[in-house]
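S.K.: So I've got this file, my_file.cif, and it contains mmCIF, C-alpha atoms and all ligand atoms:
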```
data_run
#
loop_
_atom_site.label_atom_id
_atom_site.label_comp_id
_atom_site.auth_asym_id
_atom_site.auth_seq_id
_atom_site.Cartn_x
_atom_site.Cartn_y
_atom_site.Cartn_z
CA MET P 1 -98.29 158.70 -45.93
CA LYS P 2 -95.43 156.31 -45.37
CA ILE P 3 -93.73 157.34 -42.14
CA LEU P 4 -90.54 156.17 -40.46
CA VAL P 5 -90.27 156.34 -36.67
CA THR P 6 -86.73 155.71 -35.45
CA GLY P 7 -86.93 154.54 -31.85
CA GLY P 8 -90.53 153.49 -32.59
CA ALA P 9 -90.43 150.63 -30.06
CA GLY P 10 -89.55 153.00 -27.22
CA PHE P 11 -91.72 154.84 -24.73
CA ILE P 12 -92.71 157.93 -26.74
CA GLY P 13 -92.10 156.42 -30.17
CA SER P 14 -94.47 153.48 -29.66
CA HIS P 15 -97.36 155.73 -28.60
CA LEU P 16 -96.72 157.87 -31.65
CA VAL P 17 -96.73 154.77 -33.89
CA ASP P 18 -100.15 153.78 -32.50
CA LYS P 19 -101.55 157.21 -33.26
CA LEU P 20 -100.08 157.36 -36.78
CA VAL P 21 -101.49 153.90 -37.58
CA LYS P 22 -104.88 155.03 -36.26
CA LEU P 23 -104.74 158.04 -38.54
CA GLY P 24 -104.30 155.65 -41.49
CA HIS P 25 -100.58 156.08 -42.12
CA ASN P 26 -98.27 153.32 -43.18
CA VAL P 27 -95.61 153.18 -40.46
CA ILE P 28 -92.13 151.68 -40.36
CA ILE P 29 -90.50 151.27 -36.95
CA PHE P 30 -86.70 151.26 -36.91
CA ASP P 31 -85.40 150.34 -33.48
CA ASN P 32 -82.38 148.46 -32.10
CA LEU P 33 -84.32 147.21 -29.02
CA THR P 34 -81.53 148.25 -26.70
CA LYS P 35 -81.31 145.86 -23.72
CA GLN P 36 -81.44 148.54 -21.03
CA VAL P 37 -84.92 149.53 -22.22
CA HIS P 38 -86.16 146.23 -23.66
CA PRO P 39 -84.68 143.47 -21.48
CA SER P 40 -87.09 140.89 -22.93
CA GLY P 41 -86.76 141.82 -26.60
CA ILE P 42 -89.70 142.91 -28.74
CA PRO P 43 -92.26 144.54 -26.42
CA ASP P 44 -95.81 143.07 -26.54
CA TYR P 45 -97.31 146.51 -27.11
CA LEU P 46 -95.60 146.86 -30.50
CA ASN P 47 -98.24 147.78 -33.08
CA LEU P 48 -98.77 144.82 -35.40
CA LYS P 49 -100.03 147.07 -38.17
CA ALA P 50 -96.64 148.76 -38.39
CA THR P 51 -93.60 147.22 -40.09
CA PHE P 52 -90.84 146.50 -37.60
CA ILE P 53 -87.21 146.61 -38.68
CA ARG P 54 -84.58 145.89 -36.09
CA GLY P 55 -81.79 148.31 -36.79
CA ASP P 56 -79.46 150.81 -35.23
CA VAL P 57 -79.12 154.42 -36.40
CA ARG P 58 -75.36 153.92 -36.15
CA ASN P 59 -75.66 151.52 -39.09
CA LYS P 60 -75.91 153.92 -42.02
CA ASN P 61 -76.53 151.30 -44.72
CA LYS P 62 -79.46 149.73 -42.95
CA LEU P 63 -80.92 153.14 -42.18
CA LYS P 64 -80.49 154.18 -45.83
CA ASP P 65 -82.73 151.37 -47.04
CA VAL P 66 -85.66 152.56 -44.91
CA VAL P 67 -85.20 156.29 -45.42
CA LYS P 68 -85.52 155.76 -49.17
CA LYS P 69 -88.99 154.26 -48.71
CA VAL P 70 -90.74 156.99 -46.71
CA ASP P 71 -92.40 160.41 -47.02
CA ALA P 72 -91.74 161.65 -43.48
CA ILE P 73 -89.48 160.80 -40.55
CA TYR P 74 -89.76 161.09 -36.79
CA HIS P 75 -86.24 160.74 -35.46
CA PHE P 76 -86.81 159.55 -31.89
CA SER P 77 -84.11 156.97 -31.31
CA ALA P 78 -81.71 158.15 -28.63
CA ALA P 79 -79.81 157.21 -25.50
CA VAL P 80 -81.69 159.15 -22.80
CA GLY P 81 -80.14 158.90 -19.32
CA VAL P 82 -78.82 162.26 -18.17
CA GLY P 83 -76.64 160.88 -15.34
CA GLN P 84 -75.49 157.87 -17.34
CA SER P 85 -74.38 160.11 -20.21
CA GLN P 86 -71.75 161.60 -17.89
CA TYR P 87 -69.78 158.36 -17.81
CA GLU P 88 -70.75 156.71 -21.09
CA ILE P 89 -69.70 159.64 -23.18
CA SER P 90 -68.72 158.06 -26.48
CA LYS P 91 -71.84 155.89 -26.50
CA TYR P 92 -74.13 158.91 -26.07
CA VAL P 93 -72.24 160.90 -28.72
CA ASP P 94 -72.33 157.94 -31.10
CA VAL P 95 -76.02 157.16 -30.78
CA ASN P 96 -77.36 160.70 -30.53
CA ILE P 97 -74.98 162.75 -32.67
CA LYS P 98 -73.50 160.18 -35.06
CA GLY P 99 -76.88 158.52 -35.51
CA THR P 100 -78.39 161.87 -36.50
CA ALA P 101 -75.41 162.65 -38.72
CA ASN P 102 -76.02 159.35 -40.55
CA LEU P 103 -79.65 160.26 -41.14
CA LEU P 104 -78.72 163.74 -42.42
CA ASP P 105 -75.99 162.32 -44.68
CA ILE P 106 -78.57 160.03 -46.24
CA LEU P 107 -81.06 162.88 -46.71
CA VAL P 108 -78.42 165.01 -48.42
CA ASN P 109 -76.67 162.42 -50.55
CA GLU P 110 -79.27 159.80 -51.51
CA LYS P 111 -82.37 159.92 -53.67
CA HIS P 112 -85.49 160.04 -51.49
CA ARG P 113 -88.93 161.63 -51.19
CA VAL P 114 -88.85 162.75 -47.54
CA LYS P 115 -90.95 165.89 -47.08
CA LYS P 116 -90.64 166.40 -43.34
CA VAL P 117 -88.32 165.44 -40.49
CA ILE P 118 -89.34 165.85 -36.84
CA VAL P 119 -86.63 165.52 -34.22
CA ALA P 120 -87.06 164.89 -30.49
CA SER P 121 -85.14 167.53 -28.60
CA SER P 122 -85.21 168.06 -24.84
CA MET P 123 -85.74 170.72 -22.19
CA SER P 124 -82.44 169.60 -20.73
CA ILE P 125 -80.63 171.69 -23.37
CA TYR P 126 -81.66 174.87 -21.51
CA GLY P 127 -79.81 173.95 -18.35
CA GLU P 128 -81.50 176.04 -15.64
CA GLY P 129 -84.84 177.53 -16.68
CA MET P 130 -85.66 181.25 -16.63
CA TYR P 131 -86.03 183.17 -13.38
CA LYS P 132 -86.99 186.63 -12.25
CA CYS P 133 -84.94 188.75 -9.88
CA LYS P 134 -86.75 191.61 -8.11
CA LYS P 135 -83.82 193.92 -8.78
CA CYS P 136 -82.34 192.69 -12.07
CA GLY P 137 -85.42 191.42 -13.95
CA LYS P 138 -85.37 188.29 -16.15
CA VAL P 139 -82.20 186.28 -15.58
CA LYS P 140 -80.78 182.87 -16.30
CA PRO P 141 -78.63 181.54 -13.47
CA GLU P 142 -75.61 179.32 -13.86
CA ILE P 143 -75.99 175.60 -13.23
CA ARG P 144 -75.43 175.01 -9.54
CA ASP P 145 -72.07 173.65 -8.52
CA TYR P 146 -71.44 173.04 -4.84
CA LYS P 147 -67.79 172.19 -5.24
CA ASN P 148 -66.27 173.44 -2.04
CA GLU P 149 -69.14 175.06 -0.24
CA LYS P 150 -71.46 173.67 2.35
CA ILE P 151 -74.94 173.58 0.87
CA THR P 152 -77.07 176.16 2.66
CA SER P 153 -79.74 176.70 0.02
CA TRP P 154 -80.76 174.67 -3.00
CA GLU P 155 -82.08 177.66 -4.88
CA PRO P 156 -79.88 179.33 -7.51
CA LEU P 157 -79.09 183.01 -6.94
CA CYS P 158 -79.19 185.97 -9.28
CA PRO P 159 -75.94 185.92 -11.30
CA PHE P 160 -75.73 189.75 -11.02
CA CYS P 161 -76.78 190.78 -7.48
CA ARG P 162 -76.78 187.35 -5.74
CA GLY P 163 -80.36 188.08 -4.70
CA GLU P 164 -83.30 185.65 -4.51
CA LEU P 165 -84.94 184.35 -7.68
CA LYS P 166 -88.40 183.20 -8.67
CA PRO P 167 -88.77 180.66 -11.50
CA ILE P 168 -90.79 181.85 -14.53
CA PRO P 169 -91.76 179.99 -17.74
CA THR P 170 -88.87 179.18 -20.08
CA ASP P 171 -89.45 180.05 -23.73
CA GLU P 172 -87.70 178.84 -26.86
CA ASP P 173 -85.46 181.93 -27.10
CA THR P 174 -83.88 181.23 -23.71
CA PRO P 175 -80.08 180.85 -24.10
CA LEU P 176 -78.96 177.23 -24.00
CA LYS P 177 -76.55 176.12 -21.28
CA SER P 178 -76.42 172.37 -21.61
CA ASN P 179 -74.88 170.73 -18.61
CA SER P 180 -74.69 167.04 -19.41
CA ILE P 181 -73.35 165.06 -22.32
CA TYR P 182 -76.92 163.97 -22.98
CA ALA P 183 -78.06 167.61 -23.22
CA ILE P 184 -75.13 168.53 -25.45
CA THR P 185 -75.95 165.67 -27.83
CA LYS P 186 -79.60 166.76 -27.98
CA LYS P 187 -78.57 170.35 -28.67
CA GLU P 188 -76.20 169.25 -31.45
CA GLN P 189 -78.85 166.98 -32.91
CA GLU P 190 -81.34 169.84 -33.03
CA GLU P 191 -78.91 172.33 -34.54
CA MET P 192 -77.54 169.91 -37.13
CA SER P 193 -81.02 168.89 -38.24
CA LEU P 194 -82.34 172.44 -38.56
CA LEU P 195 -79.23 173.61 -40.38
CA ILE P 196 -79.29 170.80 -42.93
CA GLY P 197 -83.05 171.11 -43.31
CA LYS P 198 -82.79 174.83 -44.11
CA THR P 199 -79.78 174.38 -46.38
CA TYR P 200 -81.42 171.73 -48.53
CA GLY P 201 -85.06 172.79 -48.23
CA ILE P 202 -86.20 169.78 -46.22
CA PRO P 203 -88.70 170.98 -43.58
CA VAL P 204 -87.39 170.08 -40.12
CA VAL P 205 -89.25 170.61 -36.85
CA SER P 206 -87.60 170.33 -33.45
CA LEU P 207 -89.76 169.51 -30.44
CA ARG P 208 -88.23 170.22 -27.05
CA PHE P 209 -89.97 167.70 -24.81
CA PHE P 210 -90.25 168.44 -21.11
CA ASN P 211 -90.60 165.59 -18.58
CA VAL P 212 -92.75 163.00 -20.28
CA TYR P 213 -94.57 160.33 -18.27
CA GLY P 214 -97.02 157.57 -19.07
CA PRO P 215 -97.42 153.86 -19.75
CA ARG P 216 -94.53 151.94 -21.36
CA GLN P 217 -91.80 154.00 -19.71
CA SER P 218 -89.52 151.19 -18.67
CA LEU P 219 -90.07 150.30 -14.99
CA SER P 220 -86.90 148.27 -14.85
CA ASN P 221 -84.57 150.89 -16.30
CA PRO P 222 -83.02 152.82 -13.39
CA TYR P 223 -81.64 155.45 -15.78
CA THR P 224 -85.05 156.58 -16.97
CA GLY P 225 -87.21 159.52 -15.81
CA VAL P 226 -88.21 160.15 -12.22
CA CYS P 227 -91.88 159.03 -12.46
CA ALA P 228 -90.99 155.55 -13.68
CA ILE P 229 -88.17 155.20 -11.15
CA PHE P 230 -90.43 156.19 -8.24
CA LEU P 231 -93.18 153.87 -9.46
CA SER P 232 -90.80 150.95 -9.63
CA ARG P 233 -89.50 151.68 -6.11
CA ILE P 234 -93.00 151.96 -4.63
CA LYS P 235 -94.30 148.84 -6.35
CA ASN P 236 -91.41 146.97 -4.72
CA ASN P 237 -92.31 148.44 -1.31
CA ASN P 238 -89.25 150.66 -1.27
CA PRO P 239 -89.42 154.40 -0.59
CA PRO P 240 -88.70 156.67 -3.52
CA VAL P 241 -85.30 158.30 -3.06
CA ILE P 242 -85.34 162.05 -3.51
CA PHE P 243 -82.28 164.16 -4.29
CA GLU P 244 -81.95 167.66 -2.75
CA ASP P 245 -84.96 168.56 -0.57
CA GLY P 246 -87.56 167.47 -3.11
CA LEU P 247 -88.79 170.98 -3.75
CA GLN P 248 -87.06 171.20 -7.12
CA THR P 249 -89.67 171.36 -9.87
CA ARG P 250 -90.19 169.92 -13.34
CA ASP P 251 -92.88 170.23 -15.99
CA PHE P 252 -94.57 166.83 -16.41
CA ILE P 253 -96.46 166.09 -19.59
CA TRP P 254 -98.62 163.07 -20.40
CA VAL P 255 -97.28 161.00 -23.30
CA GLY P 256 -100.60 161.30 -25.17
CA ASP P 257 -100.26 165.09 -25.20
CA ILE P 258 -96.73 164.71 -26.55
CA VAL P 259 -98.11 162.51 -29.35
CA ASN P 260 -100.69 165.18 -30.23
CA ALA P 261 -97.90 167.74 -30.54
CA CYS P 262 -95.94 165.35 -32.78
CA VAL P 263 -98.92 164.93 -35.11
CA LEU P 264 -99.47 168.70 -35.32
CA ALA P 265 -95.80 169.15 -36.19
CA LEU P 266 -96.30 166.81 -39.15
CA GLN P 267 -99.60 168.24 -40.33
CA LYS P 268 -98.99 171.96 -40.02
CA GLU P 269 -96.84 173.81 -42.51
CA LYS P 270 -96.39 176.58 -39.95
CA ALA P 271 -94.27 174.15 -37.95
CA ASN P 272 -91.58 173.91 -40.62
CA TYR P 273 -88.06 174.93 -39.55
CA GLN P 274 -89.37 175.83 -36.09
CA ILE P 275 -88.49 174.87 -32.53
CA PHE P 276 -91.31 174.26 -30.04
CA ASN P 277 -91.41 173.61 -26.32
CA VAL P 278 -93.75 170.73 -25.54
CA GLY P 279 -94.68 170.74 -21.86
CA SER P 280 -97.72 171.32 -19.70
CA GLY P 281 -96.61 174.81 -18.71
CA LYS P 282 -96.97 173.95 -15.00
CA PRO P 283 -94.19 173.29 -12.47
CA VAL P 284 -94.62 170.44 -9.97
CA SER P 285 -92.22 169.49 -7.18
CA ILE P 286 -90.51 166.11 -7.18
CA ARG P 287 -91.67 165.56 -3.59
CA LYS P 288 -95.27 166.01 -4.72
CA ILE P 289 -94.83 163.39 -7.44
CA ALA P 290 -93.48 160.91 -4.88
CA GLU P 291 -96.31 161.60 -2.43
CA VAL P 292 -99.08 161.34 -5.03
CA LEU P 293 -97.71 158.05 -6.41
CA ILE P 294 -97.46 156.56 -2.89
CA LYS P 295 -101.03 157.63 -2.18
CA LEU P 296 -102.39 156.31 -5.46
CA LEU P 297 -100.69 152.96 -4.89
CA ASN P 298 -102.06 152.88 -1.36
CA LYS P 299 -98.73 152.13 0.29
CA ASP P 300 -97.52 152.96 3.75
CA LEU P 301 -94.25 154.53 2.63
CA LYS P 302 -92.50 157.87 3.12
CA PRO P 303 -90.18 159.32 0.49
CA GLU P 304 -86.53 159.19 1.53
CA ILE P 305 -85.21 162.72 1.22
CA THR P 306 -81.44 162.58 0.86
CA TYR P 307 -80.49 166.26 0.85
CA LYS P 308 -77.83 165.14 -1.64
CA PHE P 309 -77.12 166.87 -4.93
CA ARG P 310 -77.08 164.95 -8.19
CA LYS P 311 -74.48 166.84 -10.17
CA GLY P 312 -75.83 168.64 -13.21
CA ASP P 313 -79.47 168.63 -12.09
CA VAL P 314 -81.27 171.91 -12.58
CA ARG P 315 -83.45 173.29 -9.82
CA HIS P 316 -86.44 174.51 -11.81
CA CYS P 317 -87.44 174.50 -15.44
CA TYR P 318 -90.97 174.67 -16.82
CA ALA P 319 -92.21 175.42 -20.28
CA ASP P 320 -93.64 178.52 -21.84
CA ILE P 321 -95.96 176.82 -24.32
CA SER P 322 -97.45 179.93 -25.91
CA LYS P 323 -95.62 179.38 -29.22
CA ILE P 324 -96.95 175.88 -29.87
CA LYS P 325 -100.44 176.93 -28.76
CA ARG P 326 -100.43 179.96 -31.01
CA LYS P 327 -98.81 178.49 -34.12
CA LEU P 328 -100.07 174.91 -34.08
CA GLY P 329 -103.22 175.09 -31.96
CA PHE P 330 -101.77 172.72 -29.34
CA LYS P 331 -103.82 172.08 -26.19
CA ILE P 332 -103.09 170.01 -23.07
CA GLU P 333 -105.77 167.33 -22.74
CA THR P 334 -104.60 165.28 -19.75
CA LYS P 335 -104.07 166.89 -16.35
CA LEU P 336 -101.34 165.52 -14.08
CA GLU P 337 -103.75 163.98 -11.55
CA ASP P 338 -105.60 162.10 -14.31
CA GLY P 339 -102.40 161.08 -16.04
CA LEU P 340 -100.87 159.68 -12.86
CA LYS P 341 -104.02 157.63 -12.21
CA LYS P 342 -103.84 156.18 -15.73
CA LEU P 343 -100.15 155.47 -15.19
CA ILE P 344 -100.89 153.56 -11.99
CA ASN P 345 -103.62 151.51 -13.68
CA TRP P 346 -101.24 150.49 -16.41
CA SER P 347 -98.46 149.68 -13.96
CA LYS P 348 -100.58 147.18 -12.00
CA LYS P 349 -100.00 144.43 -14.55
CA GLU P 350 -96.41 145.40 -15.28
CA LYS P 351 -93.28 143.77 -13.92
CA ALA P 352 -91.00 146.26 -12.20
CA GLU P 353 -87.50 145.30 -11.21
CA ASP P 354 -86.15 147.93 -8.85
CA LYS P 355 -82.53 148.55 -9.87
CA PHE P 356 -82.34 152.04 -8.39
CA LYS P 357 -79.68 151.19 -5.79
CA TYR P 358 -77.40 149.80 -8.47
CA ALA P 359 -77.67 152.97 -10.57
CA GLU P 360 -77.21 155.13 -7.46
CA LYS P 361 -74.06 153.22 -6.57
CA GLN P 362 -72.67 153.95 -10.02
CA LEU P 363 -73.39 157.67 -9.61
CA LYS P 364 -71.70 157.67 -6.20
CA GLU P 365 -68.63 155.80 -7.47
CA LYS P 366 -68.22 158.39 -10.22
CA GLY P 367 -68.62 161.23 -7.71
CA LEU P 368 -71.83 162.43 -9.36
CA VAL P 369 -73.83 162.62 -6.14
CA LYS P 370 -72.70 164.98 -3.40
C1 LIG J 1 -85.61 164.05 -18.04
C2 LIG J 1 -85.12 162.87 -18.87
C3 LIG J 1 -84.46 163.34 -20.13
C4 LIG J 1 -85.42 164.21 -20.88
C5 LIG J 1 -85.85 165.36 -20.00
C6 LIG J 1 -86.88 166.20 -20.68
C7 LIG J 1 -84.22 160.80 -17.97
C8 LIG J 1 -83.19 160.20 -17.11
N1 LIG J 1 -84.17 162.14 -18.05
O1 LIG J 1 -84.49 164.80 -17.53
O2 LIG J 1 -84.09 162.24 -20.94
O3 LIG J 1 -84.82 164.72 -22.06
O4 LIG J 1 -86.45 164.83 -18.81
O5 LIG J 1 -87.90 165.41 -21.14
O6 LIG J 1 -85.05 160.16 -18.53
N2 LIG J 1 -84.86 162.57 -9.04
C9 LIG J 1 -84.95 162.11 -7.74
N3 LIG J 1 -84.90 160.77 -7.53
C10 LIG J 1 -84.76 159.87 -8.55
C11 LIG J 1 -84.66 160.35 -9.86
C12 LIG J 1 -84.71 161.72 -10.09
O7 LIG J 1 -85.06 162.88 -6.79
O8 LIG J 1 -84.75 158.67 -8.27
C13 LIG J 1 -84.93 164.02 -9.27
C14 LIG J 1 -83.69 164.57 -9.95
O9 LIG J 1 -82.69 164.89 -9.03
C15 LIG J 1 -84.27 165.81 -10.66
C16 LIG J 1 -85.71 165.38 -10.99
O10 LIG J 1 -86.01 164.28 -10.15
O11 LIG J 1 -84.29 166.89 -9.79
C17 LIG J 1 -85.94 164.97 -12.44
O12 LIG J 1 -84.98 164.02 -12.80
P1 LIG J 1 -85.09 163.10 -14.12
O13 LIG J 1 -86.36 162.39 -14.19
O14 LIG J 1 -83.84 162.31 -14.20
O15 LIG J 1 -85.25 164.16 -15.27
P2 LIG J 1 -84.47 165.31 -15.98
O16 LIG J 1 -83.04 165.41 -15.59
O17 LIG J 1 -85.34 166.50 -15.75
#
```
Show how you would write the structure in this file as structure tokens.
Ligand code: UD1

M.R.:
Amino acid sequence: MKILVTGGAGFIGSHLVDKLVKLGHNVIIFDNLTKQVHPSGIPDYLNLKATFIRGDVRNKNKLKDVVKKVDAIYHFSAAVGVGQSQYEISKYVDVNIKGTANLLDILVNEKHRVKKVIVASSMSIYGEGMYKCKKCGKVKPEIRDYKNEKITSWEPLCPFCRGELKPIPTDEDTPLKSNSIYAITKKEQEEMSLLIGKTYGIPVVSLRFFNVYGPRQSLSNPYTGVCAIFLSRIKNNNPPVIFEDGLQTRDFIWVGDIVNACVLALQKEKANYQIFNVGSGKPVSIRKIAEVLIKLLNKDLKPEITYKFRKGDVRHCYADISKIKRKLGFKIETKLEDGLKKLINWSKKEKAEDKFKYAEKQLKEKGLVK
């Protein structure tokens, strides 16, 4: 098959390209090599067996030329910083929504032979995950907002009885309460793609990725995910900086497992027009991630716990992965402990410029950390 991967030079996209090439596909990478992620231009890991086209999804004409050549598309190019999206609004809307709109316009109005489109969605579109209240049952709390109050507890309360809550797995039917521009753009992207796919009979699959970690996540991009930021801090002998009390949890999934899910989404007809969570199904605290990384890197550091709130952050969200297991036969292959070890091994030869303080200053200036 001839397959286009937009964002194919990025963290997840490049691993997917490697796998598709290995499976014997003919792959075209379409990527604008954005400076924030690729400060030194074309990354050395780029698969030489794939065709590389430098291009931006905001440039419809350039995108049109590649779309016309392929049988399937993974649409993975996106601006991905949750915090950054709150003050670079038009950029995030342009890249994530307009870029997707360009792709859909091409699919609807041009001659092509595309038989499947897979879009990268995100767990962030849920807002808070699902919880259980002893009295009220399954509930979805509001996103926390500590506007005028003194923070006495980091845990969200039951929206009905204000009682205590326990996080439970979040499934695909959970109502969406996006709470960042990034999340809104991902939600729009997913909805637009599925709608146009169904309307015109082009099979679309939306994969809601949870917190992906692994090699090639930029160690010098302070707007990236927490694992890479912590790793960069620790490698530079700086303590990882933790928001809240560090007991907030996320669902971390190894990039190789994400790639397996992407391949299943292409291969299986049962995936068509469906939405799938792609996570490990297990919650892990942010403090634990910091401690394990410090230990694995053998450093004498202690995480710096700020007890500060990064506006918009959810407290807990982890995936219910029963749908993808049942329908596509998905299985997690790499456990967190093994994945983190592999991540550390990779990072040893990598340059890591710690720009965390700069990004934190920006958040503070915009009033996004309380
Ligand atoms: C992340 C990704 C998002 C992706 C989503 C699901 C980023 C910036 N966010 O969102 O693109 O769609 O997963 O895959 O890549 N934290 C700290 N210290 C730090 C950084 C973060 O304590 O230096 C905490 C945050 O407050 C939060 C948690 O770690 O509680 C996770 O943050 P982050 O990695 O930014 O991820 P998400 O917002 O979950």

S.K.: Select the residues contacting ligand LIG 1 (chain J) at a distance of at most 6 Å, based on all atoms listed in the file, then format the selection as a PyMOL selection string.

M.R.: chain P and resi 80-82+122-124+209-212+223-226+229+241-243+248+286+310+313

S.K.: May I ask which of the residues P:Tyr273, P:Asn179, P:Asp245, P:Leu23 is the closest one to Asn260 in chain P, counting all atoms listed in the file?

M.R.: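 For Asn260 in chain P, the nearest of the given residues is P:Leu23.
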
S.K.: Which polymer residues have any atom within 12 Å of an atom of Lys364 in chain P, counting all atoms listed in the file, with same-chain residues fewer than 5 positions away left out, as a PyMOL selection string?

M.R.: chain P and resi 83-84+87+308-311+357-359+369-370

S.K.: Just want the 9 Å neighbourhood of Lys235 in chain P, counted on all atoms listed in the file, with same-chain residues fewer than 5 positions away dropped. Output as an mmCIF file with C-alpha atoms, in the coordinates of the input.

M.R.:
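Okay, this is what ended up in out.cif:
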```cif
data_model
loop_
_atom_site.group_PDB
_atom_site.id
_atom_site.type_symbol
_atom_site.label_atom_id
_atom_site.label_comp_id
_atom_site.auth_asym_id
_atom_site.auth_seq_id
_atom_site.Cartn_x
_atom_site.Cartn_y
_atom_site.Cartn_z
ATOM 1 C CA PHE P 230 -90.430 156.190 -8.240
ATOM 2 C CA LEU P 297 -100.690 152.960 -4.890
ATOM 3 C CA LYS P 299 -98.730 152.130 0.290
ATOM 4 C CA SER P 347 -98.460 149.680 -13.960
ATOM 5 C CA LYS P 348 -100.580 147.180 -12.000
ATOM 6 C CA ALA P 352 -91.000 146.260 -12.200
ATOM 7 C CA ASP P 354 -86.150 147.930 -8.850
#
```

S.K.: Using all atoms listed in the file, which of P:Gly279, P:Pro215, P:Gly127, P:Gly8 sits nearest Lys331 in chain P?

M.R.: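 Closest to Lys331 in chain P, using all atoms listed in the file: P:Gly279.
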
S.K.: In file coordinates, which residues lie within 10 Å of (-70.5, 152.0, -35.4) using all atoms listed in the file, given as a compact mmCIF listing (two decimals) with C-alpha atoms, keeping the file's coordinate frame?

M.R.:
```
# COMPACT_ATOMS: atom_id res chain seq x y z
CA ASP P 56 -79.46 150.81 -35.23
CA VAL P 57 -79.12 154.42 -36.40
CA ARG P 58 -75.36 153.92 -36.15
CA ASN P 59 -75.66 151.52 -39.09
CA LYS P 60 -75.91 153.92 -42.02
CA LYS P 91 -71.84 155.89 -26.50
CA ASP P 94 -72.33 157.94 -31.10
CA VAL P 95 -76.02 157.16 -30.78
CA LYS P 98 -73.50 160.18 -35.06
CA GLY P 99 -76.88 158.52 -35.51
```

S.K.: Looking at all atoms listed in the file, which of P:Arg216, P:Arg287, P:Tyr318, P:Val5 is the one that sits closest to Lys342 in chain P?

M.R.: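 Of all the options, P:Arg216 lies closest to Lys342 in chain P.
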
S.K.: Find the residue from P:Lys135, P:Ile344, P:Pro222, P:Leu46 that sits nearest to Leu363 in chain P; use all atoms listed in the file when measuring.

M.R.: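 Distance minimum relative to Leu363 in chain P lands on P:Pro222.
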
S.K.: Can you work out which one of P:Asn272, P:Gln217, P:Asn236, P:Thr334 has the shortest atom-to-atom distance to Gln36 in chain P, counting only C-alpha atoms?

M.R.: P:Gln217

S.K.: Enter the distance from CA of Ile143 in chain P to CA of Ser232 in chain P, in Å, rounded to one decimal.

M.R.: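 CA of Ser232 in chain P lies at a distance of 29.0 Å from CA of Ile143 in chain P.
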
S.K.: Select, from P:Asp65, P:Asp71, P:Glu337, P:Glu128, the residue with the minimum atom-to-atom distance to Lys115 in chain P, counting only C-alpha atoms.

M.R.: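 Ranking P:Asp65, P:Asp71, P:Glu337, P:Glu128 by distance to Lys115 in chain P, first place goes to P:Asp71.
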
S.K.: Leaving out Ala120 in chain P and any residue of its chain fewer than 5 positions from it, which residues lie within 7 Å of it when counting only C-alpha atoms, given as JSON, numbers by chain?

M.R.: {"P": [75, 76, 206, 207, 208, 209]}

S.K.: What is the distance, in Å and to one decimal place, between CA of Asn298 in chain P and CA of Lys282 in chain P?

M.R.: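 Pair CA of Asn298 in chain P / CA of Lys282 in chain P returns 25.6 Å.
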
S.K.: Mind checking which residues fall within 7 Å of Ile28 in chain P, counting all atoms listed in the file, ignoring those fewer than 3 positions away in the same chain, and posting them as an MDAnalysis selection string?

M.R.: chainID P and resid 3:5 50:52

S.K.: How many Å separate CA of Phe356 in chain P from CA of Ile294 in chain P?

M.R.: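 CA of Ile294 in chain P lies 16.7 Å from CA of Phe356 in chain P.
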
S.K.: Taking 3 positions as the minimum chain separation for residues in the same chain, which residues sit within 10 Å of Met130 in chain P when counting only C-alpha atoms? Answer as a list in words.

M.R.: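 Returned residues: Tyr126, Gly127, Lys138, Val139, Lys140, Pro141, Leu165, Lys166, Pro167, Ile168, Pro169, Thr170, Asp171, Thr174, Pro175, His316, Cys317, Tyr318, Ala319 and Asp320 of chain P.
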
S.K.: Please dump the current selection as a PDB file, in the frame of the given file; keep C-alpha atoms.

M.R.:
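Printed below is result_23.pdb as written:
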```pdb
ATOM      1  CA  TYR P 126     -81.660 174.870 -21.510  1.00  0.00           C
ATOM      2  CA  GLY P 127     -79.810 173.950 -18.350  1.00  0.00           C
ATOM      3  CA  LYS P 138     -85.370 188.290 -16.150  1.00  0.00           C
ATOM      4  CA  VAL P 139     -82.200 186.280 -15.580  1.00  0.00           C
ATOM      5  CA  LYS P 140     -80.780 182.870 -16.300  1.00  0.00           C
ATOM      6  CA  PRO P 141     -78.630 181.540 -13.470  1.00  0.00           C
ATOM      7  CA  LEU P 165     -84.940 184.350  -7.680  1.00  0.00           C
ATOM      8  CA  LYS P 166     -88.400 183.200  -8.670  1.00  0.00           C
ATOM      9  CA  PRO P 167     -88.770 180.660 -11.500  1.00  0.00           C
ATOM     10  CA  ILE P 168     -90.790 181.850 -14.530  1.00  0.00           C
ATOM     11  CA  PRO P 169     -91.760 179.990 -17.740  1.00  0.00           C
ATOM     12  CA  THR P 170     -88.870 179.180 -20.080  1.00  0.00           C
ATOM     13  CA  ASP P 171     -89.450 180.050 -23.730  1.00  0.00           C
ATOM     14  CA  THR P 174     -83.880 181.230 -23.710  1.00  0.00           C
ATOM     15  CA  PRO P 175     -80.080 180.850 -24.100  1.00  0.00           C
ATOM     16  CA  HIS P 316     -86.440 174.510 -11.810  1.00  0.00           C
ATOM     17  CA  CYS P 317     -87.440 174.500 -15.440  1.00  0.00           C
ATOM     18  CA  TYR P 318     -90.970 174.670 -16.820  1.00  0.00           C
ATOM     19  CA  ALA P 319     -92.210 175.420 -20.280  1.00  0.00           C
ATOM     20  CA  ASP P 320     -93.640 178.520 -21.840  1.00  0.00           C
TER      21      ASP P 320
END
```

S.K.: Go ahead and find all residues with at least one atom no further than 9 Å from (-79.5, 166.9, -26.6) in the file's coordinates, using all atoms listed in the file; report them as JSON, numbers by chain.

M.R.: {"P": [80, 96, 97, 120, 121, 122, 123, 124, 125, 178, 180, 181, 182, 183, 184, 185, 186, 187, 188, 189, 190]}
